[in-house]
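Below is my_file_2.csv, which holds CSV, C-alpha atoms.
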chain,number,residue,atom,x,y,z
A,25,LEU,CA,-26.7,3.9,3.6
A,26,GLU,CA,-28.3,7.1,2.3
A,27,ILE,CA,-32.0,7.9,2.3
A,28,ILE,CA,-33.1,9.5,-0.9
A,29,ALA,CA,-36.8,10.3,-1.4
A,30,SER,CA,-37.6,8.0,1.6
A,31,LYS,CA,-35.9,5.1,-0.3
A,32,PRO,CA,-32.7,3.6,1.2
A,33,ILE,CA,-29.7,3.7,-1.2
A,34,VAL,CA,-26.6,1.6,-0.7
A,35,VAL,CA,-23.3,3.5,-1.0
A,36,TYR,CA,-20.6,1.7,-2.9
A,37,ARG,CA,-16.9,2.4,-3.5
A,38,GLU,CA,-14.7,2.0,-6.6
A,39,SER,CA,-11.3,0.4,-6.5
A,40,VAL,CA,-8.8,-1.6,-8.6
A,41,ALA,CA,-7.5,-5.2,-8.4
A,42,GLY,CA,-4.4,-4.7,-10.5
A,43,GLN,CA,-1.8,-2.3,-11.7
A,44,GLY,CA,-2.8,0.1,-14.5
A,45,VAL,CA,-0.7,1.4,-17.4
A,46,VAL,CA,1.1,4.7,-17.1
A,47,ALA,CA,-1.6,7.0,-18.5
A,48,MET,CA,-1.0,10.5,-19.8
A,49,GLY,CA,-3.5,13.3,-19.4
A,50,LYS,CA,-3.4,16.7,-21.0
A,51,SER,CA,-4.8,19.9,-19.6
A,52,PRO,CA,-7.7,21.5,-21.5
A,53,ASN,CA,-5.2,24.0,-23.1
A,54,LYS,CA,-2.8,21.1,-24.1
A,55,HIS,CA,0.1,23.0,-22.4
A,56,ASN,CA,0.5,20.7,-19.4
A,57,LYS,CA,0.9,16.9,-19.3
A,58,PHE,CA,0.8,14.4,-16.5
A,59,TRP,CA,1.8,10.7,-16.4
A,60,VAL,CA,0.0,8.7,-13.7
A,61,GLN,CA,-0.1,5.0,-12.7
A,62,VAL,CA,-2.7,3.5,-10.5
A,63,GLU,CA,-2.5,0.3,-8.4
A,64,PRO,CA,-4.2,-1.2,-5.3
A,65,LEU,CA,-3.2,0.2,-1.9
A,66,GLU,CA,-2.0,-2.7,0.2
A,67,GLU,CA,-4.5,-4.0,2.8
A,68,LYS,CA,-1.7,-3.7,5.4
A,69,VAL,CA,-1.4,0.0,4.7
A,70,ILE,CA,-5.2,0.5,4.7
A,71,GLY,CA,-5.2,-1.1,8.1
A,72,LEU,CA,-2.5,1.3,9.3
A,73,ILE,CA,-4.7,4.2,8.2
A,74,ASP,CA,-7.8,2.7,9.9
A,75,LYS,CA,-5.9,2.4,13.2
A,76,GLY,CA,-4.6,6.0,12.9
A,77,GLU,CA,-0.9,4.8,12.7
A,78,ILE,CA,-0.7,6.8,9.4
A,79,SER,CA,-2.7,10.0,8.9
A,80,GLU,CA,-2.7,13.1,6.9
A,81,GLU,CA,-2.0,15.1,10.0
A,82,MET,CA,1.4,13.4,10.6
A,83,ASN,CA,4.6,14.9,9.2
A,84,ARG,CA,6.1,13.3,6.1
A,85,LYS,CA,9.0,11.7,8.1
A,86,GLN,CA,6.6,9.9,10.4
A,87,ILE,CA,4.5,8.6,7.5
A,88,ALA,CA,7.7,7.4,5.7
A,89,THR,CA,9.0,5.6,8.8
A,90,ALA,CA,5.6,3.8,9.3
A,91,LEU,CA,5.3,2.8,5.7
A,92,GLN,CA,8.8,1.4,5.5
A,93,LYS,CA,8.8,-0.5,8.8
A,94,GLN,CA,5.2,-1.6,8.9
A,95,GLY,CA,4.0,-1.4,5.3
A,96,GLY,CA,7.1,-2.8,3.7
A,97,TRP,CA,7.4,0.1,1.2
A,98,SER,CA,10.5,1.1,-0.6
A,99,THR,CA,12.3,4.2,0.7
A,100,GLU,CA,11.6,6.1,-2.5
A,101,GLU,CA,7.8,5.6,-2.3
A,102,ALA,CA,7.6,6.1,1.4
A,103,ARG,CA,9.3,9.4,1.4
A,104,ASN,CA,7.3,10.9,-1.3
A,105,VAL,CA,3.7,10.6,-0.1
A,106,TRP,CA,2.0,13.8,-1.0
A,107,THR,CA,-1.4,13.2,0.6
A,108,ILE,CA,-3.7,10.6,2.2
A,109,GLU,CA,-7.3,11.1,1.0
A,110,ASP,CA,-10.3,10.5,3.3
A,111,HIS,CA,-11.4,7.3,1.5
A,112,LYS,CA,-8.0,5.6,2.1
A,113,ASN,CA,-6.3,6.7,-1.2
A,114,MET,CA,-2.7,7.9,-1.4
A,115,LEU,CA,-0.9,10.2,-3.9
A,116,ILE,CA,2.8,9.6,-4.3
A,117,ASP,CA,5.3,11.7,-6.2
A,118,MET,CA,7.7,9.6,-8.3
A,119,THR,CA,8.9,12.3,-10.6
A,120,LYS,CA,12.5,13.5,-11.1
A,121,GLY,CA,13.5,17.1,-11.7
A,122,VAL,CA,10.2,18.4,-13.0
A,123,GLN,CA,10.2,22.2,-13.4
A,124,TYR,CA,7.5,24.2,-11.6
A,125,LEU,CA,6.2,21.0,-9.9
A,126,HIS,CA,6.3,22.6,-6.5
A,127,GLU,CA,4.2,25.5,-7.6
A,128,ALA,CA,1.6,23.1,-9.1
A,129,ARG,CA,1.6,20.6,-6.2
A,130,ASP,CA,-1.5,21.9,-4.4
A,131,MET,CA,-3.5,21.9,-7.7
A,132,ILE,CA,-2.4,18.4,-8.5
A,133,ILE,CA,-3.5,17.2,-5.0
A,134,SER,CA,-6.8,19.0,-5.5
A,135,GLY,CA,-7.2,17.1,-8.9
A,136,PHE,CA,-6.4,13.9,-7.1
A,137,ARG,CA,-9.0,14.5,-4.4
A,138,TRP,CA,-11.6,15.4,-7.1
A,139,GLY,CA,-11.0,12.2,-8.9
A,140,CYS,CA,-11.2,10.2,-5.6
A,141,GLU,CA,-14.6,11.7,-4.8
A,142,ASN,CA,-16.2,10.7,-8.1
A,143,GLY,CA,-14.7,7.6,-9.7
A,144,PRO,CA,-15.2,6.7,-13.4
A,145,LEU,CA,-17.4,3.6,-13.0
A,146,ALA,CA,-20.4,5.3,-11.4
A,147,GLU,CA,-19.2,8.5,-9.7
A,148,GLU,CA,-18.9,6.6,-6.4
A,149,PRO,CA,-15.8,7.5,-4.3
A,150,MET,CA,-12.6,5.5,-4.8
A,151,ARG,CA,-11.2,3.5,-2.0
A,152,GLY,CA,-7.8,1.8,-1.4
A,153,VAL,CA,-6.1,3.2,-4.5
A,154,LYS,CA,-2.4,4.1,-4.8
A,155,VAL,CA,-1.9,6.9,-7.3
A,156,LYS,CA,1.6,7.5,-8.5
A,157,LEU,CA,2.6,10.7,-10.3
A,158,MET,CA,5.3,9.3,-12.6
A,159,ASP,CA,6.2,12.4,-14.7
A,160,ALA,CA,4.9,15.8,-15.7
A,161,GLN,CA,5.5,18.6,-18.1
A,162,LEU,CA,4.3,22.1,-17.0
A,163,HIS,CA,4.1,25.3,-19.0
A,164,GLU,CA,6.6,28.0,-18.0
A,165,ASP,CA,3.9,30.7,-17.8
A,166,PRO,CA,1.8,30.4,-14.6
A,167,VAL,CA,-1.2,31.8,-16.6
A,168,HIS,CA,-1.3,28.5,-18.6
A,169,ARG,CA,-1.0,26.2,-15.5
A,170,GLY,CA,-3.8,27.4,-13.2
A,171,PRO,CA,-6.3,25.1,-11.4
A,172,ALA,CA,-8.6,25.0,-14.4
A,173,GLN,CA,-5.8,23.3,-16.3
A,174,ILE,CA,-4.0,21.2,-13.7
A,175,MET,CA,-6.9,19.7,-11.9
A,176,PRO,CA,-8.7,18.2,-14.9
A,177,ALA,CA,-5.5,16.9,-16.3
A,178,THR,CA,-4.6,15.1,-13.1
A,179,ARG,CA,-8.0,13.6,-12.8
A,180,ARG,CA,-8.0,12.6,-16.5
A,181,ALA,CA,-4.7,10.7,-16.2
A,182,MET,CA,-5.9,9.0,-13.0
A,183,PHE,CA,-9.1,7.8,-14.7
A,184,GLY,CA,-7.2,6.5,-17.7
A,185,SER,CA,-4.9,4.4,-15.6
A,186,PHE,CA,-7.7,3.3,-13.2
A,187,LEU,CA,-9.8,1.9,-16.0
A,188,THR,CA,-6.8,-0.3,-17.2
A,189,ALA,CA,-6.2,-1.6,-13.6
A,190,LYS,CA,-9.0,-4.2,-13.4
A,191,PRO,CA,-11.5,-1.8,-11.8
A,192,VAL,CA,-13.9,-3.3,-9.3
A,193,LEU,CA,-16.9,-2.2,-7.3
A,194,LEU,CA,-16.8,-2.5,-3.5
A,195,GLU,CA,-19.9,-3.1,-1.5
A,196,PRO,CA,-20.4,-2.4,2.2
A,197,VAL,CA,-20.7,-5.5,4.4
A,198,TYR,CA,-22.4,-5.7,7.9
A,199,LYS,CA,-21.3,-8.0,10.7
A,200,ILE,CA,-24.6,-9.5,12.0
A,201,GLU,CA,-25.0,-11.1,15.4
A,202,VAL,CA,-28.2,-13.0,16.1
A,203,SER,CA,-29.4,-14.4,19.4
A,204,VAL,CA,-32.1,-17.0,18.9
A,205,SER,CA,-33.6,-20.2,20.5
A,206,SER,CA,-31.8,-23.4,19.3
A,207,GLN,CA,-34.9,-24.5,17.4
A,208,TYR,CA,-34.6,-21.6,15.0
A,209,VAL,CA,-30.9,-21.8,14.3
A,210,GLY,CA,-31.4,-23.5,11.0
A,211,ASP,CA,-34.0,-20.9,9.9
A,212,VAL,CA,-31.7,-18.0,10.8
A,213,SER,CA,-28.7,-19.6,9.1
A,214,ASN,CA,-30.8,-20.1,5.9
A,215,ILE,CA,-31.8,-16.5,5.9
A,216,ILE,CA,-28.2,-15.2,6.2
A,217,THR,CA,-26.9,-17.6,3.5
A,218,ARG,CA,-29.9,-16.9,1.2
A,219,SER,CA,-29.1,-13.2,1.5
A,220,LYS,CA,-25.6,-13.8,0.1
A,221,GLY,CA,-24.1,-13.7,3.6
A,222,ARG,CA,-21.9,-16.2,5.4
A,223,ILE,CA,-21.8,-17.7,8.9
A,224,LEU,CA,-18.7,-17.1,11.0
A,225,SER,CA,-19.6,-18.9,14.2
A,226,SER,CA,-22.5,-20.4,16.1
A,227,GLU,CA,-22.1,-20.6,19.9
A,228,GLN,CA,-24.5,-22.0,22.5
A,229,LYS,CA,-25.1,-19.8,25.5
A,230,GLY,CA,-27.6,-21.3,27.8
A,231,PRO,CA,-31.0,-21.7,26.1
A,232,LEU,CA,-29.9,-19.4,23.3
A,233,THR,CA,-27.5,-19.7,20.4
A,234,MET,CA,-25.4,-16.8,19.2
A,235,ILE,CA,-24.9,-16.7,15.5
A,236,SER,CA,-22.3,-14.4,13.9
A,237,GLY,CA,-21.8,-13.7,10.3
A,238,TYR,CA,-21.4,-11.3,7.4
A,239,ILE,CA,-24.1,-10.0,5.2
A,240,PRO,CA,-24.0,-7.4,2.3
A,241,VAL,CA,-25.8,-4.2,3.2
A,242,ALA,CA,-27.8,-4.4,0.0
A,243,GLN,CA,-29.3,-7.7,1.1
A,244,THR,CA,-30.5,-6.4,4.5
A,245,PHE,CA,-33.6,-4.6,3.1
A,246,GLY,CA,-36.6,-6.7,4.3
A,247,LEU,CA,-34.4,-8.7,6.7
A,248,ALA,CA,-36.4,-7.8,9.7
A,249,VAL,CA,-39.6,-9.1,8.2
A,250,ASP,CA,-37.9,-12.4,7.1
A,251,MET,CA,-36.3,-12.8,10.5
A,252,ARG,CA,-39.5,-12.2,12.5
A,253,SER,CA,-41.5,-14.5,10.1
A,254,ALA,CA,-39.0,-17.4,10.3
A,255,THR,CA,-38.6,-17.3,14.1
A,256,SER,CA,-42.0,-16.1,15.2
A,257,GLY,CA,-40.4,-13.0,16.6
A,258,HIS,CA,-38.0,-15.0,18.8
A,259,ALA,CA,-34.8,-13.7,17.2
A,260,PHE,CA,-32.9,-10.6,18.4
A,261,TRP,CA,-30.0,-9.2,16.3
A,262,GLN,CA,-27.8,-6.3,15.6
A,263,SER,CA,-25.8,-5.4,12.5
A,264,THR,CA,-22.9,-3.0,12.3
A,265,PHE,CA,-20.7,-2.0,9.4
A,266,ASP,CA,-17.6,-4.1,9.2
A,267,HIS,CA,-15.7,-3.8,5.9
A,268,TRP,CA,-15.8,-3.3,2.2
A,269,GLU,CA,-15.8,-6.3,-0.1
A,270,LYS,CA,-15.6,-6.8,-3.9
A,271,THR,CA,-19.0,-7.0,-5.4
A,272,PRO,CA,-19.4,-10.4,-7.2
A,273,GLU,CA,-18.7,-9.9,-11.0
A,274,ASN,CA,-22.1,-11.4,-12.0
A,275,ILE,CA,-24.0,-8.6,-10.3
A,276,ALA,CA,-21.4,-5.7,-10.4
A,277,LEU,CA,-22.3,-4.6,-13.9
A,278,THR,CA,-26.0,-4.4,-13.1
A,279,VAL,CA,-25.3,-2.5,-9.9
A,280,ILE,CA,-23.1,0.0,-11.7
A,281,GLN,CA,-25.7,0.5,-14.4
A,282,GLU,CA,-28.4,1.1,-11.8
A,283,ILE,CA,-26.2,3.7,-10.1
A,284,ARG,CA,-25.4,5.4,-13.4
A,285,LYS,CA,-29.1,5.5,-14.2
A,286,ARG,CA,-30.0,7.0,-10.9
A,287,ARG,CA,-27.4,9.7,-11.3
A,288,GLY,CA,-28.5,10.5,-14.8
A,289,LEU,CA,-25.4,9.2,-16.5
A,290,PRO,CA,-25.1,7.4,-19.8
A,291,PRO,CA,-25.6,3.6,-19.1
A,292,GLU,CA,-22.3,2.6,-20.8
A,293,ILE,CA,-19.3,2.5,-18.4
A,294,PRO,CA,-16.5,4.6,-20.0
A,295,THR,CA,-13.5,2.9,-21.3
A,296,ALA,CA,-9.9,3.9,-20.7
A,297,ASP,CA,-9.7,5.2,-24.3
A,298,LYS,CA,-11.9,8.1,-23.3
A,299,PHE,CA,-9.2,9.4,-20.9
A,300,LEU,CA,-5.9,8.3,-22.5
A,301,ASP,CA,-4.3,11.1,-24.4
A,302,GLU,CA,-1.6,10.8,-27.0
A,303,LEU,CA,1.6,12.9,-27.3

Mind turning this structure into structure tokens?
Amino acid sequence: LEIIASKPIVVYRESVAGQGVVAMGKSPNKHNKFWVQVEPLEEKVIGLIDKGEISEEMNRKQIATALQKQGGWSTEEARNVWTIEDHKNMLIDMTKGVQYLHEARDMIISGFRWGCENGPLAEEPMRGVKVKLMDAQLHEDPVHRGPAQIMPATRRAMFGSFLTAKPVLLEPVYKIEVSVSSQYVGDVSNIITRSKGRILSSEQKGPLTMISGYIPVAQTFGLAVDMRSATSGHAFWQSTFDHWEKTPENIALTVIQEIRKRRGLPPEIPTADKFLDEL
């Protein structure tokens, strides 16, 4: 959550549910080209990052070994991870024999990180995205392949592929645990399910019942009032962030448009055509 002008704002993430096309992005001066493909990062690999078994601080050989043995990755992909971004996104070099690529590497990584910080749906950070650099053409003169050329081109190619890869909005989900007298179990369960949450378990502990469940962060505003009203103040609960979950399609578009409006962006979500360049 963020507090903006005393109003709580839910922070979302952008991700993909499928494999995108290989998208080509040109630099502003048209002298450099990048071909990028986006796909979801496997949940198993995200779990390895969460547990610290894969991190940006590790050397490339350690990362490759973990990805092959625990993530099931191919040798080619595992050995060519360039960077692991803070929001669980990875950049992988799949190119072969591209001239001047080593000199442009840091700028490409910066463009990748820039794109991950502000996705194309609503300028929310990306999460759980595997970005593969498939090919590149770089100008022989370093003057024509500086950061102002390489970074926008990388980001542009990323966004083009991202928007063809079944883009989705992820919402934060709390795990909620409620301790309440048995007579109020039904009321508490109704509040959670009415708030688009779900019950995981209900366990009797003496005179109290412990209810555990998940509830979207966006649905917790006003929860305290509802809970006190329904249980006459007899319920005690705590909620902690647990995971990210795909926002239901029937409300995702509305949420995206609300975020874009708040950020002063045009209400229309950009299409892939806006970022796909032609040879």

Query raised in the report: Pick the closest to A:Val69 from A:Gly152, A:Gly121, A:Gly95, A:Gly49: which is it, counting only C-alpha atoms?
Result: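 Of the candidates, the smallest distance to A:Val69 is held by A:Gly95.
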
Query - Counting all atoms listed in the file, the option among A:Val153, A:Leu224, A:Val209, A:Ile133 closest to A:Glu63 - result: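 Among the listed residues, the smallest separation from A:Glu63 belongs to A:Val153.
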
**Report entry** Long-range neighbours of stretch 256-265 of chain A as an MDAnalysis selection string, 12 Å cut-off, only C-alpha atoms, 6 positions minimum in chain
**Finding:** chainID A and resid 25 195:209 211:213 216 232:241 244 247:250

**Report entry** Point-to-point distance in Å for atom CA of A:Glu141 and atom CA of A:Thr278
**Finding:**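 So the two atoms, atom CA of A:Thr278 and atom CA of A:Glu141, lie 21.4 Å apart.
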
If you count all atoms listed in the file, which residues fall within 6 Å of A:Gly184, apart from same-chain ones fewer than 5 positions away, as a CSV table (one decimal) with C-alpha atoms, in the coordinates of the input?
chain,number,residue,atom,x,y,z
A,47,ALA,CA,-1.6,7.0,-18.5
A,296,ALA,CA,-9.9,3.9,-20.7
A,299,PHE,CA,-9.2,9.4,-20.9
A,300,LEU,CA,-5.9,8.3,-22.5

Report task. Do a neighbour search on A:Met131 at 12 Å with all atoms listed in the file, toss out local chain neighbours closer than 5 positions, and write the hits as an MDAnalysis selection string. Result -> chainID A and resid 106 124:126 136:138 169:179

Requested in this report: Using only C-alpha atoms, find the one residue out of A:Asn214, A:Glu164, A:Ile116, A:Glu38 that sits nearest to A:Asn142.
Outcome: A:Glu38

Query raised in the report: Using all atoms listed in the file, which residues sit within 10 Å of A:Asn113 once same-chain residues fewer than 3 positions away are excluded, as number ranges by chain?
Result: A: 39, 64-65, 70, 73, 107-110, 136-137, 140, 150-155

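If you measure from each of A:Met114, A:Leu162, A:Ile280, A:Met82 to A:Val34 using only C-alpha atoms, the closest one turns out to be A:Ile280.
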
Within 10 Å of stretch 282-295 of chain A, which residues of stretch 157-271 of chain A come that close, and what is the closest atom pair and distance in Å for each? Count only C-alpha atoms and give it as a Markdown table.
| residue | atom | partner | partner_atom | distance |
| --- | --- | --- | --- | --- |
| A:Phe183 | CA | A:Thr295 | CA | 9.3 |
| A:Gly184 | CA | A:Thr295 | CA | 8.1 |
| A:Phe186 | CA | A:Thr295 | CA | 10.0 |
| A:Leu187 | CA | A:Thr295 | CA | 6.5 |
| A:Thr188 | CA | A:Thr295 | CA | 8.5 |

Keeping C-alpha atoms for every residue in the selection just given, could you write it to a file as a CSV table (one decimal), in the coordinates of the input?
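Result file is result-v7.csv:
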chain,number,residue,atom,x,y,z
A,183,PHE,CA,-9.1,7.8,-14.7
A,184,GLY,CA,-7.2,6.5,-17.7
A,186,PHE,CA,-7.7,3.3,-13.2
A,187,LEU,CA,-9.8,1.9,-16.0
A,188,THR,CA,-6.8,-0.3,-17.2

Query raised in the report: By how many Å are atom CA of A:Trp59 and atom CA of A:Arg84 apart?
Result: 23.1 Å

Report task. Counting all atoms listed in the file, figure out which residue out of A:Met182, A:Val45, A:Met158, A:Val35 gets nearest to A:Asn104. Result ->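 The closest residue to A:Asn104 is A:Met158.
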
Requested in this report: Would you please work out which residue, of A:Met48, A:Asn83, A:Ser226, A:Thr271, is nearest to A:Asp297 when using all atoms listed in the file?
Outcome: A:Met48

Requested in this report: In the coordinate frame of the file, compute which residues have an atom within 8 Å of (-2.8, 17.5, -28.0) when using all atoms listed in the file, and state them as a ChimeraX atom specification.
Outcome: /A:50,54,301-303

Report summary line: In Å and to one decimal, atom CA of A:Val62 is distant from atom CA of A:Gln43 by 6.0 Å

Query raised in the report: So which residues touch A:Gln123 within 12 Å, counting only C-alpha atoms, skipping near sequence neighbours fewer than 4 positions away, as a ChimeraX atom specification?
Result: /A:56,119,127-129,159-166
